[in-house]
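Source file: work.cif; contents: mmCIF, C-alpha atoms.
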data_run
loop_
_atom_site.label_atom_id
_atom_site.label_comp_id
_atom_site.auth_asym_id
_atom_site.auth_seq_id
_atom_site.Cartn_x
_atom_site.Cartn_y
_atom_site.Cartn_z
CA MET K 1 5.26 -27.94 9.60
CA THR K 2 8.57 -26.17 9.07
CA GLU K 3 8.31 -22.76 7.40
CA VAL K 4 10.16 -22.35 4.13
CA PRO K 5 13.15 -19.99 4.50
CA VAL K 6 12.88 -16.63 2.77
CA VAL K 7 16.37 -17.15 1.33
CA ARG K 8 18.12 -20.46 0.68
CA ALA K 9 21.50 -20.65 -1.04
CA LEU K 10 23.27 -23.92 -1.82
CA GLY K 11 26.71 -24.14 -3.40
CA LEU K 12 26.31 -20.60 -4.71
CA ARG K 13 29.02 -19.36 -7.05
CA ARG K 14 29.45 -16.20 -9.07
CA SER K 15 32.31 -15.45 -11.38
CA PHE K 16 33.12 -12.71 -13.86
CA GLY K 17 35.17 -14.27 -16.62
CA HIS K 18 38.02 -16.10 -14.88
CA ARG K 19 37.56 -14.12 -11.65
CA LEU K 20 35.69 -16.03 -8.97
CA VAL K 21 33.84 -13.68 -6.61
CA LEU K 22 31.66 -16.07 -4.59
CA ARG K 23 32.67 -19.68 -3.98
CA ASP K 24 30.31 -22.47 -2.84
CA LEU K 25 28.23 -20.31 -0.52
CA SER K 26 25.43 -22.01 1.42
CA PHE K 27 23.09 -20.42 3.97
CA GLU K 28 19.43 -19.98 4.92
CA LEU K 29 17.54 -16.98 6.25
CA GLU K 30 14.27 -17.46 8.09
CA ARG K 31 11.28 -15.14 7.69
CA GLY K 32 11.68 -12.13 9.96
CA GLY K 33 15.39 -12.79 10.38
CA ALA K 34 18.18 -10.26 9.99
CA LEU K 35 21.33 -11.39 8.20
CA VAL K 36 24.41 -9.16 8.37
CA VAL K 37 26.98 -9.76 5.63
CA THR K 38 30.56 -8.76 6.43
CA GLY K 39 33.92 -8.98 4.70
CA PRO K 40 36.70 -6.88 3.24
CA ASN K 41 36.29 -4.89 0.04
CA GLY K 42 36.24 -7.25 -2.91
CA SER K 43 34.93 -10.19 -0.92
CA GLY K 44 31.66 -10.32 -2.85
CA LYS K 45 29.20 -8.57 -0.51
CA THR K 46 27.70 -6.37 -3.22
CA THR K 47 27.61 -9.28 -5.67
CA LEU K 48 25.69 -11.43 -3.20
CA LEU K 49 23.14 -8.70 -2.57
CA ARG K 50 22.67 -8.16 -6.30
CA LEU K 51 22.00 -11.89 -6.68
CA LEU K 52 19.40 -11.75 -3.91
CA VAL K 53 17.38 -9.00 -5.59
CA GLY K 54 17.65 -10.48 -9.09
CA LEU K 55 20.07 -7.97 -10.61
CA ALA K 56 22.54 -10.78 -11.37
CA ALA K 57 22.34 -14.55 -11.77
CA PRO K 58 24.48 -17.26 -10.12
CA SER K 59 27.17 -18.90 -12.21
CA ARG K 60 26.59 -22.16 -10.36
CA GLY K 61 24.56 -23.48 -7.44
CA THR K 62 21.02 -22.61 -6.42
CA LEU K 63 19.50 -19.51 -4.89
CA GLU K 64 15.86 -19.45 -3.82
CA VAL K 65 14.22 -16.21 -2.69
CA ALA K 66 10.64 -16.79 -1.52
CA VAL K 67 9.50 -13.21 -2.04
CA GLU K 68 7.90 -11.65 -5.11
CA ARG K 69 9.97 -8.99 -6.86
CA ALA K 70 7.33 -6.37 -6.01
CA ARG K 71 7.84 -7.10 -2.31
CA LEU K 72 11.60 -6.46 -2.36
CA GLY K 73 13.27 -3.27 -1.16
CA PHE K 74 16.86 -2.53 -2.18
CA VAL K 75 19.40 0.20 -1.57
CA GLY K 76 22.74 -0.33 -3.28
CA HIS K 77 25.70 1.91 -3.94
CA GLU K 78 23.61 3.90 -6.41
CA PRO K 79 20.52 5.60 -4.93
CA LEU K 80 18.29 4.78 -7.94
CA VAL K 81 16.40 8.04 -7.78
CA TYR K 82 15.85 10.61 -10.54
CA ARG K 83 18.08 13.59 -9.86
CA GLU K 84 16.06 16.01 -12.00
CA LEU K 85 12.92 15.33 -9.99
CA THR K 86 12.12 16.57 -6.50
CA ALA K 87 12.08 14.25 -3.51
CA LEU K 88 8.28 14.33 -3.54
CA GLU K 89 8.07 13.63 -7.28
CA ASN K 90 10.47 10.69 -6.94
CA LEU K 91 8.49 9.02 -4.20
CA ASP K 92 5.17 9.72 -5.91
CA LEU K 93 6.49 8.04 -9.07
CA PHE K 94 7.69 4.96 -7.20
CA GLY K 95 4.50 4.90 -5.16
CA ARG K 96 2.45 4.76 -8.36
CA LEU K 97 4.66 2.01 -9.80
CA TYR K 98 4.24 -0.11 -6.66
CA ARG K 99 0.56 0.84 -6.28
CA VAL K 100 1.14 1.86 -2.68
CA PRO K 101 -2.16 2.28 -0.83
CA GLU K 102 -2.65 5.71 0.76
CA ARG K 103 0.44 6.76 -1.17
CA ARG K 104 0.53 10.44 -0.19
CA GLU K 105 0.21 9.70 3.52
CA ARG K 106 2.94 7.07 3.33
CA ILE K 107 5.26 9.43 1.41
CA GLY K 108 4.70 12.25 3.88
CA MET K 109 5.37 9.96 6.83
CA LEU K 110 8.68 8.72 5.38
CA LEU K 111 9.89 12.18 4.37
CA GLU K 112 9.11 13.42 7.88
CA ARG K 113 10.72 10.38 9.51
CA PHE K 114 13.96 10.79 7.56
CA GLY K 115 14.16 14.57 7.98
CA LEU K 116 13.42 15.44 4.35
CA TRP K 117 9.99 17.07 4.66
CA GLU K 118 11.33 20.63 4.43
CA ALA K 119 13.30 19.67 1.31
CA ARG K 120 10.47 17.74 -0.35
CA ASN K 121 10.10 20.21 -3.23
CA GLU K 122 13.82 20.51 -3.97
CA ARG K 123 15.36 18.68 -6.89
CA VAL K 124 17.66 15.84 -5.93
CA THR K 125 20.47 17.55 -7.86
CA ALA K 126 20.62 20.04 -4.96
CA PHE K 127 20.82 17.31 -2.33
CA SER K 128 23.95 16.39 -0.40
CA ARG K 129 25.11 12.78 -0.53
CA GLY K 130 23.55 12.15 2.87
CA MET K 131 20.20 13.59 1.84
CA THR K 132 20.23 11.50 -1.33
CA GLN K 133 20.93 8.39 0.73
CA ARG K 134 18.01 9.24 3.01
CA LEU K 135 15.75 9.57 -0.03
CA ALA K 136 16.99 6.21 -1.35
CA LEU K 137 16.00 4.65 1.96
CA CYS K 138 12.55 6.26 1.71
CA ARG K 139 12.22 4.80 -1.79
CA ALA K 140 13.16 1.31 -0.60
CA LEU K 141 10.74 1.43 2.34
CA LEU K 142 7.84 3.08 0.53
CA HIS K 143 6.01 -0.13 -0.44
CA ASP K 144 6.59 -1.80 2.97
CA PRO K 145 8.77 -4.61 1.55
CA GLU K 146 8.82 -8.14 2.94
CA LEU K 147 12.55 -8.43 2.21
CA LEU K 148 14.77 -5.38 2.62
CA VAL K 149 18.30 -5.63 1.19
CA LEU K 150 20.75 -2.85 2.06
CA ASP K 151 24.34 -2.48 0.85
CA GLU K 152 26.35 -0.34 3.31
CA PRO K 153 23.26 1.78 4.09
CA HIS K 154 25.06 4.01 6.62
CA SER K 155 27.51 5.17 3.95
CA GLY K 156 27.22 8.90 3.36
CA LEU K 157 24.87 9.48 6.30
CA ASP K 158 25.71 12.01 9.00
CA THR K 159 25.28 11.15 12.68
CA GLU K 160 21.61 12.13 12.69
CA GLY K 161 20.85 10.21 9.51
CA ALA K 162 22.64 7.12 10.78
CA ALA K 163 20.66 7.26 14.03
CA LEU K 164 17.40 7.54 12.07
CA LEU K 165 18.36 4.47 10.04
CA ASP K 166 19.32 2.51 13.17
CA HIS K 167 15.91 3.26 14.67
CA GLU K 168 14.12 2.27 11.45
CA LEU K 169 15.96 -1.06 11.23
CA GLU K 170 15.25 -1.87 14.87
CA THR K 171 11.57 -1.12 14.23
CA LEU K 172 11.52 -3.37 11.15
CA ALA K 173 13.41 -6.23 12.80
CA GLY K 174 11.18 -9.26 13.16
CA ARG K 175 8.48 -7.73 10.98
CA ALA K 176 10.41 -7.72 7.71
CA THR K 177 13.31 -9.93 6.65
CA LEU K 178 16.57 -7.96 6.48
CA VAL K 179 19.87 -8.49 4.68
CA VAL K 180 22.45 -5.81 5.39
CA ALA K 181 26.05 -5.65 4.15
CA SER K 182 28.12 -3.69 6.63
CA HIS K 183 31.67 -2.93 7.76
CA ASP K 184 30.27 -2.22 11.23
CA PRO K 185 28.32 -5.32 12.33
CA ALA K 186 28.42 -4.24 15.98
CA ARG K 187 26.08 -1.38 15.08
CA LEU K 188 23.50 -3.90 13.88
CA ALA K 189 24.02 -6.42 16.69
CA PRO K 190 20.81 -5.54 18.63
CA PHE K 191 18.61 -7.13 15.96
CA THR K 192 20.98 -9.45 14.04
CA THR K 193 19.85 -13.07 13.95
CA SER K 194 22.67 -14.42 11.77
CA GLN K 195 25.94 -13.27 10.25
CA LEU K 196 27.74 -14.27 7.07
CA ALA K 197 31.43 -13.44 6.85
CA LEU K 198 32.82 -13.42 3.33
CA GLY K 199 36.54 -13.69 2.67
CA ALA K 200 38.63 -12.87 -0.36
CA VAL K 201 38.30 -15.68 -2.93
#

Write the structure described by the file as structure tokens, please.
Amino acid sequence: MTEVPVVRALGLRRSFGHRLVLRDLSFELERGGALVVTGPNGSGKTTLLRLLVGLAAPSRGTLEVAVERARLGFVGHEPLVYRELTALENLDLFGRLYRVPERRERIGMLLERFGLWEARNERVTAFSRGMTQRLALCRALLHDPELLVLDEPHSGLDTEGAALLDHELETLAGRATLVVASHDPARLAPFTTSQLALGAV
């Protein structure tokens, strides 16, 4: 019996008014696969990722995502963390929302893994862009998502942070299903199972 793909798109379109952003896009992504989405700025990478996580709806065509919303992890251009809270308070809040088992242990492990343990009690307002991006990645990984969707996740990270992310993605590859939009697909080549190149519409 053939396993149902985690993501199936058929004739997918998305437009904003008269501006067509995605045109007749069709692809499938198997469970445990890693899809890298490439293309120039304005080609619709961010729009596609927002469709995948339910933050936007297709204008035409079908998009099936065989993962519950609670099992999705997403990092977009905005970190989606509360800047007036500390790193620890942010992750504790999201851990409660997602009912993460052994929440405190999981939070501590991620903060340590991404080099934020020493800054755990600092408010995010004091964080650099790179530190905020690291915290956003912790947030997205906290509930051990089945489908992890990342929009230019290396953006804002220093060399150390980028290396930590590379290691994390390689560890997740095959265990979770990954969709990553990137201007540097070669960096993700070791675990990429498929690539989708978007062009200007």

Can you tell me which residues surround segment 25-31 of chain K at a distance of at most 12 Å, considering only C-alpha atoms, apart from same-chain residues fewer than 2 positions away, and format the answer as a VMD selection string? chain K and resid 2 to 14 21 to 23 33 to 37 44 to 45 48 52 58 to 67 146 to 148 173 to 179 192 to 199 201

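As for atom CA of Thr86 of chain K and atom CA of Gly156 of chain K, they are spaced 19.6 Å apart.
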
Pairwise distance, atom CA of Leu51 of chain K with atom CA of Cys138 of chain K, equals 22.1 Å

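Candidate residues K:Gly130, K:Gly42, K:Gly95, K:Gly161 were compared for distance to Leu142 of chain K, and the nearest is K:Gly95, using only C-alpha atoms.
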
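Residue nearest Arg103 of chain K, chosen from K:Gly73, K:Asp144, K:His167, K:Arg120 and counting all atoms listed in the file: K:Asp144.
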
Specify as JSON, numbers by chain each residue included when the PyMOL selection byres ((chain K and resi 84) around 9) is applied to this file.
{"K": [82, 83, 85, 86, 123, 124, 125]}

Dump as a PDB file, in the frame of the given file, selection limited to C-alpha atoms:
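Saved as part37.pdb:
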ATOM      1  CA  TYR K  82      15.850  10.610 -10.540  1.00  0.00           C
ATOM      2  CA  ARG K  83      18.080  13.590  -9.860  1.00  0.00           C
ATOM      3  CA  LEU K  85      12.920  15.330  -9.990  1.00  0.00           C
ATOM      4  CA  THR K  86      12.120  16.570  -6.500  1.00  0.00           C
ATOM      5  CA  ARG K 123      15.360  18.680  -6.890  1.00  0.00           C
ATOM      6  CA  VAL K 124      17.660  15.840  -5.930  1.00  0.00           C
ATOM      7  CA  THR K 125      20.470  17.550  -7.860  1.00  0.00           C
TER       8      THR K 125
END

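Put simply, the PyMOL selection byres ((chain K and resi 91) around 10) in this file takes in K:Val81, K:Tyr82, K:Leu85, K:Thr86, K:Ala87, K:Leu88, K:Glu89, K:Asn90, K:Asp92, K:Leu93, K:Phe94, K:Gly95, K:Arg96, K:Leu97, K:Arg103, K:Arg104, K:Arg106, K:Ile107, K:Gly108, K:Leu110, K:Leu111, K:Arg120, K:Leu135, K:Ala136, K:Cys138, K:Arg139, K:Ala140, K:Leu142.
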
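With distances taken over all atoms listed in the file, K:Arg19 is the one residue among K:Phe191, K:Arg19, K:Arg113, K:Leu137 lying closest to Ser43 of chain K.
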
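With only C-alpha atoms as the atoms that count, the minimum distance from Pro153 of chain K to the choices K:Leu80, K:Leu165, K:Met131, K:Leu172 is reached by K:Leu165.
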
- Message: For Asp166 of chain K, find every residue with an atom within 9 Å (counting all atoms listed in the file), except residues of its own chain fewer than 5 positions away, and show them as a PyMOL selection string.
- Response: chain K and resi 154+161+171+187-188

Residue selection dump (C-alpha atoms) as a short mmCIF file (atom, residue, chain, number, x, y, z; two decimals), in the frame of the given file:
data_model
loop_
_atom_site.label_atom_id
_atom_site.label_comp_id
_atom_site.auth_asym_id
_atom_site.auth_seq_id
_atom_site.Cartn_x
_atom_site.Cartn_y
_atom_site.Cartn_z
CA HIS K 154 25.06 4.01 6.62
CA GLY K 161 20.85 10.21 9.51
CA THR K 171 11.57 -1.12 14.23
CA ARG K 187 26.08 -1.38 15.08
CA LEU K 188 23.50 -3.90 13.88
#

Shortest contact to Pro145 of chain K, candidates K:Asp24, K:Glu160, K:Glu68, K:Glu112, atoms counted all atoms listed in the file, goes to K:Glu68

How about completing segment 49-81 of chain K with N, CA and C atoms and giving it to me as a PDB file, in the frame of the given file?
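Saved to part_3.pdb:
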ATOM      1  N   LEU K  49      24.383  -9.451  -2.711  1.00  0.00           N
ATOM      2  CA  LEU K  49      23.140  -8.700  -2.570  1.00  0.00           C
ATOM      3  C   LEU K  49      22.456  -8.503  -3.924  1.00  0.00           C
ATOM      4  N   ARG K  50      23.244  -8.295  -4.962  1.00  0.00           N
ATOM      5  CA  ARG K  50      22.670  -8.160  -6.300  1.00  0.00           C
ATOM      6  C   ARG K  50      22.030  -9.471  -6.770  1.00  0.00           C
ATOM      7  N   LEU K  51      22.613 -10.589  -6.375  1.00  0.00           N
ATOM      8  CA  LEU K  51      22.000 -11.890  -6.680  1.00  0.00           C
ATOM      9  C   LEU K  51      20.667 -12.033  -5.965  1.00  0.00           C
ATOM     10  N   LEU K  52      20.619 -11.606  -4.709  1.00  0.00           N
ATOM     11  CA  LEU K  52      19.400 -11.750  -3.910  1.00  0.00           C
ATOM     12  C   LEU K  52      18.226 -10.982  -4.493  1.00  0.00           C
ATOM     13  N   VAL K  53      18.487  -9.821  -5.077  1.00  0.00           N
ATOM     14  CA  VAL K  53      17.380  -9.000  -5.590  1.00  0.00           C
ATOM     15  C   VAL K  53      17.162  -9.195  -7.089  1.00  0.00           C
ATOM     16  N   GLY K  54      17.886 -10.141  -7.692  1.00  0.00           N
ATOM     17  CA  GLY K  54      17.650 -10.480  -9.090  1.00  0.00           C
ATOM     18  C   GLY K  54      18.335  -9.600 -10.107  1.00  0.00           C
ATOM     19  N   LEU K  55      19.335  -8.818  -9.676  1.00  0.00           N
ATOM     20  CA  LEU K  55      20.070  -7.970 -10.610  1.00  0.00           C
ATOM     21  C   LEU K  55      21.249  -8.706 -11.253  1.00  0.00           C
ATOM     22  N   ALA K  56      21.502  -9.925 -10.782  1.00  0.00           N
ATOM     23  CA  ALA K  56      22.540 -10.780 -11.370  1.00  0.00           C
ATOM     24  C   ALA K  56      22.096 -12.217 -11.138  1.00  0.00           C
ATOM     25  N   ALA K  57      22.693 -13.138 -11.885  1.00  0.00           N
ATOM     26  CA  ALA K  57      22.340 -14.550 -11.770  1.00  0.00           C
ATOM     27  C   ALA K  57      23.563 -15.351 -11.320  1.00  0.00           C
ATOM     28  N   PRO K  58      23.345 -16.425 -10.548  1.00  0.00           N
ATOM     29  CA  PRO K  58      24.480 -17.260 -10.120  1.00  0.00           C
ATOM     30  C   PRO K  58      25.156 -17.933 -11.317  1.00  0.00           C
ATOM     31  N   SER K  59      26.452 -18.144 -11.199  1.00  0.00           N
ATOM     32  CA  SER K  59      27.170 -18.900 -12.210  1.00  0.00           C
ATOM     33  C   SER K  59      26.994 -20.397 -11.990  1.00  0.00           C
ATOM     34  N   ARG K  60      26.789 -20.765 -10.723  1.00  0.00           N
ATOM     35  CA  ARG K  60      26.590 -22.160 -10.360  1.00  0.00           C
ATOM     36  C   ARG K  60      25.892 -22.212  -9.002  1.00  0.00           C
ATOM     37  N   GLY K  61      25.263 -23.333  -8.710  1.00  0.00           N
ATOM     38  CA  GLY K  61      24.560 -23.480  -7.440  1.00  0.00           C
ATOM     39  C   GLY K  61      23.129 -22.998  -7.554  1.00  0.00           C
ATOM     40  N   THR K  62      22.420 -23.018  -6.430  1.00  0.00           N
ATOM     41  CA  THR K  62      21.020 -22.610  -6.420  1.00  0.00           C
ATOM     42  C   THR K  62      20.805 -21.480  -5.417  1.00  0.00           C
ATOM     43  N   LEU K  63      19.897 -20.601  -5.767  1.00  0.00           N
ATOM     44  CA  LEU K  63      19.500 -19.510  -4.890  1.00  0.00           C
ATOM     45  C   LEU K  63      17.993 -19.356  -4.984  1.00  0.00           C
ATOM     46  N   GLU K  64      17.313 -19.575  -3.872  1.00  0.00           N
ATOM     47  CA  GLU K  64      15.860 -19.450  -3.820  1.00  0.00           C
ATOM     48  C   GLU K  64      15.498 -18.273  -2.918  1.00  0.00           C
ATOM     49  N   VAL K  65      14.700 -17.364  -3.447  1.00  0.00           N
ATOM     50  CA  VAL K  65      14.220 -16.210  -2.690  1.00  0.00           C
ATOM     51  C   VAL K  65      12.695 -16.256  -2.733  1.00  0.00           C
ATOM     52  N   ALA K  66      12.075 -16.558  -1.581  1.00  0.00           N
ATOM     53  CA  ALA K  66      10.640 -16.790  -1.520  1.00  0.00           C
ATOM     54  C   ALA K  66       9.862 -15.502  -1.300  1.00  0.00           C
ATOM     55  N   VAL K  67      10.181 -14.497  -2.106  1.00  0.00           N
ATOM     56  CA  VAL K  67       9.500 -13.210  -2.040  1.00  0.00           C
ATOM     57  C   VAL K  67       9.314 -12.704  -3.472  1.00  0.00           C
ATOM     58  N   GLU K  68       8.135 -12.210  -3.784  1.00  0.00           N
ATOM     59  CA  GLU K  68       7.900 -11.650  -5.110  1.00  0.00           C
ATOM     60  C   GLU K  68       8.749 -10.398  -5.308  1.00  0.00           C
ATOM     61  N   ARG K  69       9.122 -10.157  -6.555  1.00  0.00           N
ATOM     62  CA  ARG K  69       9.970  -8.990  -6.860  1.00  0.00           C
ATOM     63  C   ARG K  69       9.340  -7.690  -6.363  1.00  0.00           C
ATOM     64  N   ALA K  70       8.026  -7.599  -6.434  1.00  0.00           N
ATOM     65  CA  ALA K  70       7.330  -6.370  -6.010  1.00  0.00           C
ATOM     66  C   ALA K  70       7.364  -6.175  -4.500  1.00  0.00           C
ATOM     67  N   ARG K  71       7.802  -7.192  -3.768  1.00  0.00           N
ATOM     68  CA  ARG K  71       7.840  -7.100  -2.310  1.00  0.00           C
ATOM     69  C   ARG K  71       9.279  -6.986  -1.802  1.00  0.00           C
ATOM     70  N   LEU K  72      10.201  -6.684  -2.714  1.00  0.00           N
ATOM     71  CA  LEU K  72      11.600  -6.460  -2.360  1.00  0.00           C
ATOM     72  C   LEU K  72      11.884  -4.972  -2.218  1.00  0.00           C
ATOM     73  N   GLY K  73      12.743  -4.628  -1.275  1.00  0.00           N
ATOM     74  CA  GLY K  73      13.270  -3.270  -1.160  1.00  0.00           C
ATOM     75  C   GLY K  73      14.779  -3.335  -1.218  1.00  0.00           C
ATOM     76  N   PHE K  74      15.410  -2.443  -1.983  1.00  0.00           N
ATOM     77  CA  PHE K  74      16.860  -2.530  -2.180  1.00  0.00           C
ATOM     78  C   PHE K  74      17.492  -1.150  -2.229  1.00  0.00           C
ATOM     79  N   VAL K  75      18.561  -0.990  -1.467  1.00  0.00           N
ATOM     80  CA  VAL K  75      19.400   0.200  -1.570  1.00  0.00           C
ATOM     81  C   VAL K  75      20.834  -0.282  -1.791  1.00  0.00           C
ATOM     82  N   GLY K  76      21.372   0.032  -2.960  1.00  0.00           N
ATOM     83  CA  GLY K  76      22.740  -0.330  -3.280  1.00  0.00           C
ATOM     84  C   GLY K  76      23.650   0.881  -3.231  1.00  0.00           C
ATOM     85  N   HIS K  77      24.760   0.798  -3.934  1.00  0.00           N
ATOM     86  CA  HIS K  77      25.700   1.910  -3.940  1.00  0.00           C
ATOM     87  C   HIS K  77      25.165   3.103  -4.724  1.00  0.00           C
ATOM     88  N   GLU K  78      24.272   2.833  -5.676  1.00  0.00           N
ATOM     89  CA  GLU K  78      23.610   3.900  -6.410  1.00  0.00           C
ATOM     90  C   GLU K  78      22.220   4.111  -5.806  1.00  0.00           C
ATOM     91  N   PRO K  79      21.800   5.359  -5.614  1.00  0.00           N
ATOM     92  CA  PRO K  79      20.520   5.600  -4.930  1.00  0.00           C
ATOM     93  C   PRO K  79      19.284   5.234  -5.739  1.00  0.00           C
ATOM     94  N   LEU K  80      19.416   5.125  -7.066  1.00  0.00           N
ATOM     95  CA  LEU K  80      18.290   4.780  -7.940  1.00  0.00           C
ATOM     96  C   LEU K  80      17.111   5.724  -7.790  1.00  0.00           C
ATOM     97  N   VAL K  81      17.428   7.012  -7.761  1.00  0.00           N
ATOM     98  CA  VAL K  81      16.400   8.040  -7.780  1.00  0.00           C
ATOM     99  C   VAL K  81      16.703   8.983  -8.950  1.00  0.00           C
TER     100      VAL K  81
END
